[in-house]
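Report on the following structure.
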Amino acid sequence: MLGFLQRPVVVTADINLNVVALTAVGLLSRLWQLAYPRAVVFDEVYYGQYVSFYMKRIFFLDGSGPPFGHMLLALGGYLGGFDGNFLWNRIGAEYSTNVPVWSLRLLPALAGALSVPMAYQIVWELGFSHCAAVGAALLILIENALITQSRLMLLESALIFFNLLAVLSYLKFSNSQKHGPFSPSWWFWLILTGVACSCAVGVKYMGVFTYLLVLGVAAVHAWHLIGDQTLSNVGADVLGRARLALGGRGVRVLCHLLARAVALLVIPVLVYLLFFYVHLLLLCRSGPHDQIMSSAFQASLEGGLARITQGQPLEVAYGSQVTLKNVFGQPVPCWLHSHQSTYPVIYENGRGSSHQQQVTCYPFKDVNNWWIVKDPGRHQLVVNNPPRPVRHGDIVQLVHGMTTRLLNTHDVAAPLSPHSQEVSCYIDYNVSMPAQNLWRLDIVNRESDTDVWKTILSEVRFVHVNTSAILKLSGAPLPDWGFRQLEVVGEQLSRGYHGSAVWSVEEHRYGRSQEQKERELELHSPTQTDVSRNLSFMARFSELQWRMLTVRSDDSEHKYSSTPLDWVTLDTNIAYWLHPRTSAQIHLLGNIVIWASASLATLVYALLFTWYLFRRQRRACDLPEDCWPRWVLAGALCAGGWAVNYVPFFMMEKTLFLYHYLPALTFQILLLPVVLEHVSDHLCRSQLQRSLFGALVVAWFASACHVSNTLRPLTYGDRSLSPSELKALRWKDSWDILIRK
Amino acid sequence: MLCATSRLLAARAATALPFHPRVRGRELHFPGPRCRGRELHFPGYPETPLGDLLAGRLARPSVLAGRRAILRRGRMPPAVGGGLAGSELRPRRGRCGSQAARAVGPAVATEATARSPKRPAPSSRRFEAPGRWALLALVTLMSFATRFHRLDQPPHICWDETHFGKMGSYYINRTFFFDVHPPLGKMLIGLAGYLSGYDGTFLFQKPGDKYEHHSYLGMRGFCAFLGALLIPFAYLTVLELSQSLPAALLTAALLTFDTGCLTLSQYILLDPILMFFIMAAMLSMVKYNSCANRPFSAPWWLWLSLTGVNLAGALGVKFVGLFIILQVGWNTLSDLWHLFGDLSLSMVTVGKHLAARVLCLIVLPLALYTATYAVHFMVLNKSGPGDGFFSSAFQARLSGNNLHNASIPEHLAYGSVITVKSARMAVGYLHSHGHLYPEGIGARQQQVTTYLHKDYNNLWIIKKHNTNSDPLDPSLPVEFVRHGDVIRLEHKETSRNLHSHYHEAPLTRKHYQVTGYGINGTGDSNDFWRIEVVNRKFGNRIKVLRSRIRLIHLVTGCVLGSSGKVLPKWGWEQLEVTCTPYLKETLNSIWNVEDHINPKLPNISLDVLQPSFPEIMLEAHMVMIRGNNGLKPKDNEFTSKPWHWPINYQGLRFSGINDTDFRVYLLGNPVVWWLNLLSIALYLLSGSIFAVAVQRGACLPAEVEGLSQVLLQGGGQLLLGWMVHYFPFFLMGRILYFHHYFPAVLFSSMLTGLLWDTLLRLCAWSLASFPLAGHVHTLGILSLLLGIAYSFYLFHPLAYGMVGPLAQDPRSPMAGLRWLESWDF
C-alpha cells in the first residue's frame with residue numbers, strides 16, 4: 001500500500017524541437033492571412049456548394065469523390081457557424097459576412113501545415129539522418145504549389161496529409177515490429193495506418209493508389225514474415241511454448257497475418273462505410289439531385305417523394321407555391337418548367353416564334369419547376385391568413401417562381417408541333433402581342449362543382465381563357481436551344497381525357513416571402529421536415545456509391561486543363577483568382593527548382609537502384625548490408641508513391657489539372673533529400689568531395705528558397721504586381737499569368 | 001527426424017555457398033520448368049499398354065529432386081522413384097546459383113529415397129514413344145475432324161466474314177482499304193482465297209448473303225486448319241509444362257469440345273489466325289525454355305527464333321498480339337535475370353545470351369512485322385475505299401487517286417487556289433457555301449464547315465491581308481507565303497473571307513464562330529489570320545501536303561479548328577468549324593494544303609513528295625490506333641463487358657435469328673467454361689497453399705514437392721497467360737466483344753488440364769494407404785473427359801448450326817439447355 005509514494009513521480013518528456021519548430025513554421029506559412037482573399041477562389045465554388053448542402057442538410061450527389069473530404073470542409077463550416085446561405089455561383093464572387101472564410105479554410109490549411117513535420121518524421125523513420133529529414137520538411141514548407149493548394153477550401157492538402165499519415169504510421173509500425181510486436185504502440189500505428197488509408201480514399205478516390213502501395217509494401221513484409229522461421233524466438237509467447245515448435249511458429253505467424261489483415265483490409269472498409277453512414281445521417285433532406293436516385297432512396301429523404309403528402313398543406317390556395325407534374329409522364333415523368341432562355345426567333349425549318357421565355361417539361365427536380373398560383377385580381381404572391389383555396393372553375397394566373405413571369409399561350413405555332421399553340425412565359429416586347437395569361441382551372445376528378453384544388457389528389461387541366469386551348473405535354477424533346485427538355489404546347493381540341501393534358505400538384509407550400517430575393521431562397525429550400533427511413537444503410541450505401549461512380553459529368557474542355565506530361569516539367573499553371581481591381585492574383589504554380597530537382601532525384605534514384613540491383617545480382621555489394629533494405633524501402637515508398645500517384649493519370653479520360661499532380665509531387669520531394677544523403681554518404685569518396693557536395697546542396701537550397709520567395713506574390717495573392725513585374729515572372733511561355741491592360 | 005536432416009544439410013549447403021544461403025523469394029519467380037525435353041524418353045523400361053497411360057507420370061519430380069541432390073552432395077542418389085537410369089542425368093549448366101541454394105532439395109531427396117522401397121513409385125507405369133505419338137495423332141485427328149465437320153455450312157456470310165472476307169478480296173483485287181487491325185491476318189486470308197481459286201469478285205456486302213458459285217471454302221478451310229492446330233499445340237505445351245499425359249489429354253479435350261473455339265475456328269475471321277500465332281508462340285517459348293540446359297544448340301536456336309516469328313505473326317494479325325509479347329517478354333527477362341545472377345557464367349556468355357534474345361525476340365519479329373507492311377503496301381496499289389482515312393501525301397501513292405501522278409506547285413504563294421484539309425482523320429476539307437447561319441446561332445453570316453468530299457466549294461484563294469490587288473497579275477513577281485505571315489483566305493466561289501469573331505460557335509459553345517464575311521474580298525480586320533507551320537522556324541516557305549499548318553486569328557488569338565461535330569440540317573450535316581481560344585496543339589487545329597493551283601509557279605511531280613516507307617508505317621499505325629480509339633460504344637447501347645466473358649454470360653449471334661434460319665451462336669461450352677472458372681479459383685487456392693508452405697520451409701515429400709513445382713511454375717505461366725490476355729480489356733475504352741476472350745480461354749483451359757491432373761495425383765498420393773487409391777486419378781480424369789465429351793454432344797448444335805424452333809420451344813433440340821436467361825439461341 002502506498003508504495004507508489006516512496007518513489008517520486010517522474011515525467012520524462014522527449015520533445016524533438018525540430019518537430020516543434022517545423023510545425024510552427026508550417027502553421028505560419030499556411031495560416032498567415034488565411035481569410036484573404038474574401039472571395040470565391042477557383043474550385044471553392046464547387047466545394048462551397050457542398051458545404052452549403054451539408055449545412056442545410058440537403059441531399060446531393062457528387063461523382064467526383066467520396067464524402068469524407070466534403071465532410072471535412074463542412075466541419076470547418078460547422079465550427080465557424082456557417083448557415084449555408086451563400087450562392088456559390090461564380091469564381092471571384094465576394095463572400096458575404098455570414099461566411100466564415102477563415103474556418104472554412106482552416107482544416108485544409110492545418111492538413112497542409114502538418115504535412116511539414118510529417119515529412120520530417122517519414123524521412124527519419126526511413127532511417128535517414130535528421131539533416132535529410134529537416135531538408136525534406138523544409139522543401140515541403142517552401143513548395144509554392146502546396147502552399148496555395150492548402151490555403152484554400154480544396155481537398156488536395158487533406159489527401160496529401162492522409163497519404164503521408166498512412167505512410168508514416170506504416171513506417172512506425174514496421175519499425176516497432178522488430179522490438180515490440182503486439183505492443184500497444186504497435187497496434188496503434190497498425191490501426192492508424194488502416195484508418196489513414198481509408199481517410200485518404202475517403203477524401204478522393206485517388207487515395208486508393210497510396211492505399212494499394214501501402215498494402216503492397218505490407219504484403220511483401222508479411223511474405224518475409226512467413227519465411228522468417230526464427231520468428232518464435234522473439235519473445236516466446238504462451239502459445240509458442242505450449243505447442244510444438246513448428247505449430248507454435250505457425251500460430252505466431254498467423255496472428256501477425258491476421259492482425260495485418262484486420263487492420264489493413266477490414267478496418268479501412270469499415271471506416272469507409274462509416275463515412276457514408278455519417279454522410280447519409282447528415283444529409284437527410286431531399287434536394288436537387290434526388291431525381292437521380294431510386295424512388296425508395298428518395299423516400300428515405302425528408303421531403304422525398306413518398307413523403308410528399310405529409311406535412312404539406314392539402315388545399316392549394318392563392319399564393320401557393322406548387323410544382324406541377326404531368327400525369328401521363330411519357331416519355332419520362334416531368335414537371336412544368338420554365339427558365340430564362342427564350343424561344344429562338346427563327347426555328348430551323350424557317351418558322352418564326354414569339355421569342356418569349358421557354359416553357360418546357362423537365363424531368364428533374366429543379367428550382368425552376370416552382371409556380372405560384374396567383375389571383376388575377378390581386379398583386380400579392382403570398383398566402384393570406386386564412387388561406388383562400390382555389391376551386392374548380394376559378395380563373396388563375398401561374399407565375400414562374402424564379403423569373404416571376406406569367407404562363408401564357410397565344411396563336412403562334414409551337415416549335416415542334418405546328419398544329420398546336422406555343423406556350424411561353426410572357427415577355428412584353430411592345431410588339432402588339434398582348435399578354436394572354438388567364439387560365440381556367442378544370443379539376444378532372446372532382447366530385448362537385450365547388451371542389452377545392454388538392455395537392456397530389458387533384459388532377460387538373462388548365463384551359464386557356466382567350467383561346468380555350470389546353471396546356472399539354474407533347475413529349476417531343478426540344479433541340480439544343482431548349483436543352484433537350486420536352487415540349488409543352490397549348491392544344492385547341494380537347495378530345496376527352498388524356499393524361500398528357502392533365503397535371504397534378506406534387507410539391508406544395510404556402511408562400512410567405514414578399515420579396516423576390518427571399519422567395520428565391522425559399523424556393524431553394526426543401527419543402528418540409530419529416531424523418532422517416534425505411535431503407536437499410538447498406539442498400540442506401542450501395543446505391544449511392546454506385547451512382548457516384550457512374551454519374552457522368554460532361555467532360556468539357558477547360559482553359560486550364562493540362563496533360564500529365566505537362567506536370568513533371570511544370571509547363572502549366574492554373575490562375576485561381578484575380579483581384580477585382582488590382583492585379584493581385586493567386587496561381588497554382590510550383591517552385592520550379594524543387595519540381596525539376598525532384599524529378600531529377602527520381603531519375604537518379606532509378607538509375608542508381610538499377611545499377612545496384614545489377615551489381616548485387618552479380619554478388620557485388622556496393623552498399624553495406626544494412627543500408628540496402630533502407631535504400632529499397634525509401635525508394636518503394638517515395639519513388640513508388642510518386643509513380644502510383646502519377647502514372648494512372650495517363651490512362652484517365654477525364655479533364656485533368658495540375659493539382660492532380662500534387663500528391664505525387666509530395667512523395668517525389670520526400671525522395672529528394674534521401675537521394676542527396678545517399679550521394680553524399682556513399683558516392684562521395686573523400687571528405688573534400690563531401691564538403692563540396694554539401695556546399696552545392698546549400699547553394700541549391702538557397703536558390704529554391706529564392707524562387708519560392710519570388711513567386712510568393714502569386715502564391716498568397718497579397719501584393720499587386722505591376723505588369724512588368726508580372727511579365728518578369730512569366731518564366732515559361734506556357735504559364736498563363738494574367739496581366740491587366 | 002527428416003526435418004532435422006534437412007537442417008543439417010541446409011547448414012552444409014550454406015557453408016558451401018557463401019552468397020545468400022537462402023534466397024527464397026527469388027525461387028518463386030523461377031520462370032517455369034526447364035530441361036525436360038530429354039526426360040520424355042526413358043529407355044529400358046517395361047512397355048505398358050496404352051490404356052495405362054492415364055496413370056502414367058513421367059517421373060519428372062523425382063528427377064528434379066534427384067538432380068538437386070546431386071548438385072548438393074556431389075554424388076548420385078540411390079535409385080530414385082523406382083530406379084532411374086543415372087546416365088539420363090547430365091549436370092545442369094546455367095542457373096545453378098539459386099537452385100543450389102535451395103534448402104529443401106536434400107530433404108526431399110532423402111525422403112524420396114526413404115520412401116521408394118515401401119511404395120511403388122508412379123513412374124513405374126509408363127508407356128513408350130510410339131504410344132505418345134499415336135496419342136498426339138489421335139488428338140490432332142479429333143481436332144481436325146471437329147473443325148472440318150460441316151465446314152461449308154452455312155453457305156452464306158456469317159457475322160464478321162463480311163469484313164474479313166471483303167478485305168481478303170481487296171488483296172486479291174489490290175484495292176487500298178483501311179482497317180483497324182494490322183494486315184497479316186487479312187493478307188493470309190486473301191492468299192488462301194487466291195490459292196483456292198477465289199477470284200475476289202464476291203462483294204461480301206452483309207451477313208446472310210449467299211456465296212452461290214463463289215469459292216469460299218478455301219478461306220474457311222485455311223482458318224479451320226489453323227484453328228485445328230491449336231489443340232495439338234495446347235496438348236504439347238501442357239505436356240511440356242507438366243510432363244503428364246493425362247493433363248495434356250484433358251487440355252486437348254477441353255479445347256476440342258469447346259463449342260466456342262470450334263465456332264470461332266470455322267469461319268473467315270482473324271481470331272483463328274491470331275490464336276494460332278499466340279499458341280504457337282507459347283509452345284515454342286516453352287520448348288525453348290526446356291532447352292535451356294543446352295544453350296546455343298540447334299534446337300535452342302530453332303525454338304527461340306520460332307518464338308520470335310510467332311510473336312511477329314500474333315502482332316501482325318491484331319494488336320492484342322501484344323499480350324503474348326508481354327508474356328514472352330516477362331519470361332525472357334526473368335530468364336536473363338537468372339542467367340545474369342549465375343556467377344558460373346562469364347559476362348561474355350551472359351552478353352551472348354542477351355544478344356541472342358535481342359536478335360530473335362526483338363529484331364527478327366520487328367523485321368517480319370515490317371515486312372508484312374511492305375507487302376501490304378506493295379500489293380495494295382490501287383485507290384479504294386480506304387483513301388480518305390489517310391493524309392494527302394499518302395494518297396498520292398495510289399493509282400486511281402486524283403493525287404496520283406499529279407503535279408502541282410510545291411510552295412504556297414499569294415494568289416494560289418488551294419484546298420485545306422484537316423489533319424484529323426475523317427474530318428475533310430475546309431468548306432463554305434452560299435448559306436447563312438440561321439437566326440439565333442451566332443452572327444447571320446455565311447456558314448463555314450468541313451466537308452469530306454471533293455467539291456468546288458472547298459477552294460480558297462490565299463491573299464495578302466492588306467491589299468486586294470490580284471496577285472496573279474503577271475506583272476507582279478511571285479511572292480511566297482511564309483511561316484508567320486498574316487493572310488486572308490478568300491472563298492473562291494462566293495468571294496467571302498474566312499472570318500471569326502466573339503460569337504459562340506453553333507455547337508461547341510466555348511469556341512468562337514467561324515463564318516464567311518465581306519463582299520468581293522473586302523471585309524474587316526476579323527478576316528486576318530496568321531499562318532504558322534508546326535515545328536518550323538519563322539520565315540520558311542510553306543509546302544503543299546507536307547507542312548502542317550495552323551491558322552491563328554489575329555484579333556481574338558484563337559486557332560481555326562474542326563470540332564468533328566455534325567451540324568444539324570441547316571448546316572447540311574457537314575461538320576462544325578470553330579475557332580478555339582485554347583491554344584492546345586491538337587490535331588483538330590492542324591491543317592494541310594492539299595490541292596494547289598498557281599499558274600505562275602512551276603509544277604513538280606508529287607512523286608517527289610511521296611513519303612518514305614518509315615513515314616508510311618508510322619502514319620498507318622497512327623491511323624489504326626486512332627481508328628481503334630474511335631470505336632467507342634454509343635450511349636444506351638448494350639455492349640459486352642469483360643466480366644461477362646469468363647462466366648459465359650452472353651454469346652454472339654453468328655448467323656440467323658428466326659426459327660427458319662440456319663442459326664449459329666458463338667457460345668463457349670458452359671461445362672468447359674465453368675470448369676475453367678472453378679479451376680482458376682482452385683488454382684489460386686492450392687497455389688497459395690503450396691507457396692506459403694515453401695516459404696515456411698515445410699518439408700514436403702518428394703512426390704508432393706514435384707507436384708507443387710509443376711503447379712507453381714507450369715501453372716504459374718499459364719495463369720500469367722490467362723491474366724495478360726484478359727485483364728487489359730478492363731482498361732480498354734474501345735468497344736469490346738465476346739470473342740476477345742478466346743485467347744484467354746486457351747490459357748485457362750490449359751491451366752484446368754494441368755490443375756486437375758495435379759490435384760488428382762495429390763489425392764491419389766494422400767490416399768495411398770487405401771486399396772484402389774491408384775485408380776482415383778484414372779477415374780477422375782476419365783470422368784472429366786467423358787463429362788466434357790457429353791456436354792459437347794449436348795451443345796454441338798450451337799456450333800454446327802441448328803434449324804427449327806428456338807430454345808424456348810420444348811420441341812427444339814436445345815430445349816432445356818438454355819441455362820442462362822441471357823443466352824439467346
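So you can find residues: chains in the C-alpha cells are A, B, ... in the order shown, residues in each start at 1, and ligands are numbered from 1 in order.
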
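For chain B, the residues close to chain A, meaning within 7 Å and counting only C-alpha atoms, are Phe340, Gly341, Leu343, Glu439, Gly440, Trp570, Tyr582, Gln695 and Arg696 of chain B.
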
### Query
Quick one: DSSP strand (DSSP E or B) residues in stretch 143-327 of chain B, as a PyMOL selection string?
chain B and resi 156+175+210+244

Could the residues in this selection be written to a file with C-alpha atoms, as a short mmCIF file (atom, residue, chain, number, x, y, z; two decimals), in the first residue's frame?
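Here's the written file out-v6.cif:
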data_model
loop_
_atom_site.label_atom_id
_atom_site.label_comp_id
_atom_site.auth_asym_id
_atom_site.auth_seq_id
_atom_site.Cartn_x
_atom_site.Cartn_y
_atom_site.Cartn_z
CA HIS B 156 -23.75 -17.62 -96.60
CA THR B 175 -7.51 -2.22 -103.80
CA LYS B 210 -25.34 -16.41 -100.17
CA SER B 244 1.95 -35.57 -67.65
#

### Task
Name the residues of stretch 646-718 of chain B that come out as alpha helix (DSSP H) in a backbone DSSP run; write them as an NGL selection string.
:B and (670-695 or 702-709 or 715-718)

### Query
Leaving out A:Leu31 and any residue of its chain fewer than 2 positions from it, which residues lie within 8 Å of it when counting only C-alpha atoms, given as an MDAnalysis selection string?
chainID A and resid 27:29 33:34 106 109:110 151

#### Entry: Close residues, stretch 378-384 of chain B itself excluded, 10 Å, only C-alpha atoms, min 6 positions apart in chain, as a list in words
Tyr170, Tyr171, Ile172, Asn173, Arg174, Thr175, Phe176, Phe177, Phe178, Met187, Thr372, Gln395, Ala396, Arg397, Leu398, Ser399, Gly400, Asn401, Asn402 and His404 of chain B

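Reported to one decimal place, the separation of atom CA of B:Lys463 from atom CA of B:Ser562 is 22.2 Å.
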
### Query
Can you list, as an MDAnalysis selection string, every protein, DNA or RNA residue that comes within 9 Å of A:Leu104 when you count only C-alpha atoms, leaving out same-chain residues fewer than 3 positions away?
chainID A and resid 35 48 51 73:80 82 99:101 107:108 152:153

Using only C-alpha atoms, find each residue of stretch 424-488 of chain B with at least one atom at most 10 Å away from an atom of stretch 510-524 of chain B; report its shortest atom-to-atom pair and that distance in Å (one decimal), sort the rows by chain and rising residue number, and return the result as a Markdown table.
| residue | atom | partner | partner_atom | distance |
| --- | --- | --- | --- | --- |
| B:His431 | CA | B:Gly516 | CA | 10.0 |
| B:Ser432 | CA | B:Gly516 | CA | 7.2 |
| B:His433 | CA | B:Gly516 | CA | 8.6 |
| B:Gly434 | CA | B:Gly516 | CA | 9.1 |
| B:His435 | CA | B:Gly516 | CA | 9.7 |
| B:Leu436 | CA | B:Thr515 | CA | 8.6 |
| B:Tyr437 | CA | B:Thr515 | CA | 8.3 |
| B:Ile441 | CA | B:Gln513 | CA | 9.0 |
| B:Gly442 | CA | B:Gln513 | CA | 6.6 |
| B:Ala443 | CA | B:Gln513 | CA | 8.1 |
| B:Arg444 | CA | B:Thr515 | CA | 8.7 |
| B:Gln445 | CA | B:Thr515 | CA | 5.9 |
| B:Gln446 | CA | B:Gly516 | CA | 4.7 |
| B:Gln447 | CA | B:Thr515 | CA | 5.3 |
| B:Val448 | CA | B:Thr515 | CA | 5.3 |
| B:Thr449 | CA | B:Val514 | CA | 8.5 |
| B:Lys463 | CA | B:Gly521 | CA | 9.1 |
| B:His465 | CA | B:Asp524 | CA | 9.7 |
| B:Asn466 | CA | B:Thr522 | CA | 9.9 |
| B:Thr467 | CA | B:Thr522 | CA | 9.4 |
| B:Asn468 | CA | B:Gly521 | CA | 7.1 |
| B:Arg488 | CA | B:Gly521 | CA | 8.9 |

### Query
Quick one, how far is atom CA of B:Pro813 from atom CA of B:Gly668?
17.5 Å

Close residues, stretch 129-137 of chain A itself excluded, 9 Å, only C-alpha atoms, min 3 positions apart in chain, as a compact mmCIF listing (two decimals) with all heavy atoms, in the first residue's frame:
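The resulting selection_27.txt:
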# COMPACT_ATOMS: atom_id res chain seq x y z
N ASN A 18 13.00 19.99 -33.31
CA ASN A 18 12.88 20.09 -34.77
C ASN A 18 11.41 20.04 -35.18
O ASN A 18 10.94 20.84 -35.98
CB ASN A 18 13.60 18.92 -35.43
CG ASN A 18 15.09 19.14 -35.48
OD1 ASN A 18 15.54 20.23 -35.12
ND2 ASN A 18 15.83 18.14 -35.90
N VAL A 19 10.74 19.03 -34.62
CA VAL A 19 9.34 18.84 -35.00
C VAL A 19 8.52 20.06 -34.59
O VAL A 19 7.70 20.57 -35.35
CB VAL A 19 8.78 17.56 -34.36
CG1 VAL A 19 7.31 17.42 -34.65
CG2 VAL A 19 9.54 16.36 -34.87
N LEU A 22 9.31 22.93 -36.89
CA LEU A 22 8.75 22.73 -38.23
C LEU A 22 7.25 22.93 -38.22
O LEU A 22 6.67 23.52 -39.14
CB LEU A 22 9.10 21.34 -38.73
CG LEU A 22 10.56 21.17 -39.15
CD1 LEU A 22 10.87 19.72 -39.42
CD2 LEU A 22 10.83 22.02 -40.39
N SER A 115 1.63 18.52 -42.75
CA SER A 115 2.41 17.71 -43.68
C SER A 115 3.90 18.00 -43.52
O SER A 115 4.74 17.15 -43.81
CB SER A 115 2.01 18.00 -45.12
OG SER A 115 0.65 17.76 -45.29
N VAL A 116 4.22 19.20 -43.06
CA VAL A 116 5.63 19.58 -42.95
C VAL A 116 6.34 18.73 -41.89
O VAL A 116 7.32 18.05 -42.21
CB VAL A 116 5.74 21.09 -42.67
CG1 VAL A 116 7.18 21.48 -42.44
CG2 VAL A 116 5.16 21.88 -43.80
N PRO A 117 5.88 18.73 -40.62
CA PRO A 117 6.56 17.84 -39.65
C PRO A 117 6.44 16.37 -40.01
O PRO A 117 7.33 15.58 -39.68
CB PRO A 117 5.86 18.14 -38.32
CG PRO A 117 4.61 18.83 -38.67
CD PRO A 117 4.85 19.55 -39.96
N MET A 118 5.37 16.01 -40.72
CA MET A 118 5.23 14.59 -41.06
C MET A 118 6.28 14.17 -42.08
O MET A 118 6.78 13.03 -42.04
CB MET A 118 3.84 14.30 -41.58
CG MET A 118 2.93 14.00 -40.43
SD MET A 118 1.39 13.27 -40.83
CE MET A 118 1.07 13.78 -42.40
N ALA A 119 6.61 15.08 -42.98
CA ALA A 119 7.68 14.77 -43.94
C ALA A 119 8.97 14.49 -43.18
O ALA A 119 9.70 13.55 -43.49
CB ALA A 119 7.85 15.94 -44.90
N TYR A 120 9.21 15.32 -42.16
CA TYR A 120 10.39 15.12 -41.32
C TYR A 120 10.38 13.73 -40.71
O TYR A 120 11.35 12.97 -40.79
CB TYR A 120 10.40 16.19 -40.23
CG TYR A 120 11.45 15.99 -39.17
CD1 TYR A 120 12.74 16.46 -39.36
CD2 TYR A 120 11.14 15.32 -37.98
CE1 TYR A 120 13.70 16.26 -38.39
CE2 TYR A 120 12.10 15.12 -37.03
CZ TYR A 120 13.38 15.59 -37.22
OH TYR A 120 14.34 15.40 -36.27
N GLN A 121 9.24 13.40 -40.11
CA GLN A 121 9.13 12.11 -39.42
C GLN A 121 9.32 10.95 -40.38
O GLN A 121 9.96 9.95 -40.05
CB GLN A 121 7.73 12.01 -38.79
CG GLN A 121 7.49 12.99 -37.68
CD GLN A 121 7.87 12.39 -36.35
OE1 GLN A 121 7.93 11.18 -36.24
NE2 GLN A 121 8.12 13.22 -35.37
N ILE A 122 8.75 11.07 -41.58
CA ILE A 122 8.83 9.94 -42.52
C ILE A 122 10.28 9.68 -42.89
O ILE A 122 10.76 8.54 -42.83
CB ILE A 122 7.99 10.24 -43.77
CG1 ILE A 122 6.51 10.15 -43.43
CG2 ILE A 122 8.31 9.27 -44.89
CD1 ILE A 122 5.60 10.51 -44.57
N VAL A 123 10.99 10.75 -43.26
CA VAL A 123 12.37 10.53 -43.69
C VAL A 123 13.20 10.00 -42.52
O VAL A 123 14.06 9.14 -42.68
CB VAL A 123 12.96 11.85 -44.25
CG1 VAL A 123 14.43 11.67 -44.58
CG2 VAL A 123 12.19 12.25 -45.48
N TRP A 124 12.90 10.48 -41.32
CA TRP A 124 13.61 9.98 -40.13
C TRP A 124 13.30 8.51 -39.92
O TRP A 124 14.20 7.70 -39.69
CB TRP A 124 13.22 10.84 -38.94
CG TRP A 124 13.69 10.30 -37.62
CD1 TRP A 124 12.91 9.92 -36.58
CD2 TRP A 124 15.03 10.07 -37.20
NE1 TRP A 124 13.67 9.48 -35.55
CE2 TRP A 124 14.99 9.56 -35.90
CE3 TRP A 124 16.27 10.27 -37.81
CZ2 TRP A 124 16.12 9.22 -35.19
CZ3 TRP A 124 17.41 9.93 -37.09
CH2 TRP A 124 17.33 9.42 -35.79
N ILE A 140 9.01 20.77 -48.41
CA ILE A 140 7.55 20.77 -48.41
C ILE A 140 7.05 22.16 -47.98
O ILE A 140 6.08 22.69 -48.53
CB ILE A 140 7.00 19.71 -47.44
CG1 ILE A 140 7.44 18.31 -47.87
CG2 ILE A 140 5.49 19.80 -47.31
CD1 ILE A 140 6.57 17.64 -48.86
N LEU A 141 7.77 22.72 -47.02
CA LEU A 141 7.34 24.01 -46.47
C LEU A 141 7.36 25.09 -47.53
O LEU A 141 6.42 25.89 -47.63
CB LEU A 141 8.28 24.39 -45.32
CG LEU A 141 8.01 25.75 -44.68
CD1 LEU A 141 6.78 25.65 -43.80
CD2 LEU A 141 9.19 26.23 -43.88
N ILE A 142 8.39 25.14 -48.34
CA ILE A 142 8.51 26.27 -49.27
C ILE A 142 7.97 25.95 -50.65
O ILE A 142 8.12 26.74 -51.56
CB ILE A 142 9.99 26.73 -49.39
CG1 ILE A 142 10.84 25.60 -49.97
CG2 ILE A 142 10.53 27.20 -48.06
CD1 ILE A 142 12.21 26.08 -50.38
N ILE A 669 9.19 14.82 -53.54
CA ILE A 669 10.01 15.73 -52.72
C ILE A 669 10.65 14.97 -51.57
O ILE A 669 11.80 15.21 -51.22
CB ILE A 669 9.14 16.90 -52.22
CG1 ILE A 669 8.76 17.79 -53.39
CG2 ILE A 669 9.89 17.70 -51.17
CD1 ILE A 669 7.86 18.94 -53.01
N LEU A 670 9.91 14.01 -51.01
CA LEU A 670 10.48 13.22 -49.91
C LEU A 670 11.71 12.45 -50.37
O LEU A 670 12.64 12.21 -49.61
CB LEU A 670 9.44 12.23 -49.37
CG LEU A 670 8.25 12.82 -48.64
CD1 LEU A 670 7.43 11.70 -48.05
CD2 LEU A 670 8.71 13.74 -47.55
N LEU A 671 11.70 12.06 -51.64
CA LEU A 671 12.81 11.27 -52.15
C LEU A 671 14.06 12.12 -52.30
O LEU A 671 15.18 11.61 -52.24
CB LEU A 671 12.41 10.67 -53.50
CG LEU A 671 13.37 9.65 -54.10
CD1 LEU A 671 13.40 8.42 -53.23
CD2 LEU A 671 12.94 9.29 -55.50
N LEU A 672 13.87 13.41 -52.50
CA LEU A 672 14.98 14.30 -52.83
C LEU A 672 16.10 14.28 -51.77
O LEU A 672 17.25 13.97 -52.10
CB LEU A 672 14.40 15.70 -53.06
CG LEU A 672 15.23 16.78 -53.69
CD1 LEU A 672 15.95 16.28 -54.90
CD2 LEU A 672 14.33 17.93 -54.08
N PRO A 673 15.80 14.56 -50.50
CA PRO A 673 16.88 14.51 -49.51
C PRO A 673 17.45 13.12 -49.32
O PRO A 673 18.64 12.97 -49.02
CB PRO A 673 16.21 15.01 -48.22
CG PRO A 673 14.77 14.90 -48.45
CD PRO A 673 14.53 15.00 -49.90
N VAL A 674 16.61 12.11 -49.53
CA VAL A 674 17.10 10.73 -49.40
C VAL A 674 18.21 10.49 -50.41
O VAL A 674 19.29 9.97 -50.09
CB VAL A 674 15.92 9.75 -49.62
CG1 VAL A 674 16.43 8.35 -49.80
CG2 VAL A 674 14.96 9.83 -48.46
N LEU A 676 19.98 12.79 -51.96
CA LEU A 676 21.13 13.66 -51.67
C LEU A 676 22.00 13.05 -50.59
O LEU A 676 23.22 13.00 -50.71
CB LEU A 676 20.64 15.04 -51.26
CG LEU A 676 20.03 15.87 -52.38
CD1 LEU A 676 19.56 17.22 -51.85
CD2 LEU A 676 21.04 16.07 -53.50
N GLU A 677 21.36 12.56 -49.54
CA GLU A 677 22.16 11.99 -48.46
C GLU A 677 22.90 10.75 -48.94
O GLU A 677 24.06 10.53 -48.59
CB GLU A 677 21.27 11.63 -47.27
CG GLU A 677 22.07 10.95 -46.17
CD GLU A 677 21.30 10.79 -44.88
OE1 GLU A 677 20.58 11.73 -44.52
OE2 GLU A 677 21.41 9.73 -44.24
N PHE A 701 19.69 24.76 -52.29
CA PHE A 701 18.55 25.02 -51.41
C PHE A 701 18.28 26.52 -51.33
O PHE A 701 17.14 26.96 -51.31
CB PHE A 701 18.84 24.44 -50.02
CG PHE A 701 17.67 24.56 -49.11
CD1 PHE A 701 16.58 23.72 -49.27
CD2 PHE A 701 17.62 25.52 -48.12
CE1 PHE A 701 15.48 23.84 -48.45
CE2 PHE A 701 16.53 25.64 -47.30
CZ PHE A 701 15.45 24.80 -47.46

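Among B:Cys261, B:Leu631, B:Leu326, B:Ile461, the residue with the shortest atom-to-atom distance to B:Met732, counting only C-alpha atoms, is B:Leu631.
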
### Task
Would you please work out which residue, of A:Asn445, A:Asn408, A:Thr97, A:Asn175, is nearest to A:Arg461 when using only C-alpha atoms?
A:Asn445

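If you look at atom CA of B:Gly415 and atom CA of B:Leu403, they are 21.2 Å away from each other.
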
### Message
Could you list, as number ranges by chain, every residue within 9 Å of B:Ser305, counting only C-alpha atoms and ignoring same-chain residues fewer than 2 positions away?
### Response
B: 284, 300-303, 307-310, 357, 359-361, 364-365

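Distance check against B:Ala248 using only C-alpha atoms: of B:Leu184, B:Leu412, B:Leu135, B:Leu760, the minimum falls on B:Leu135.
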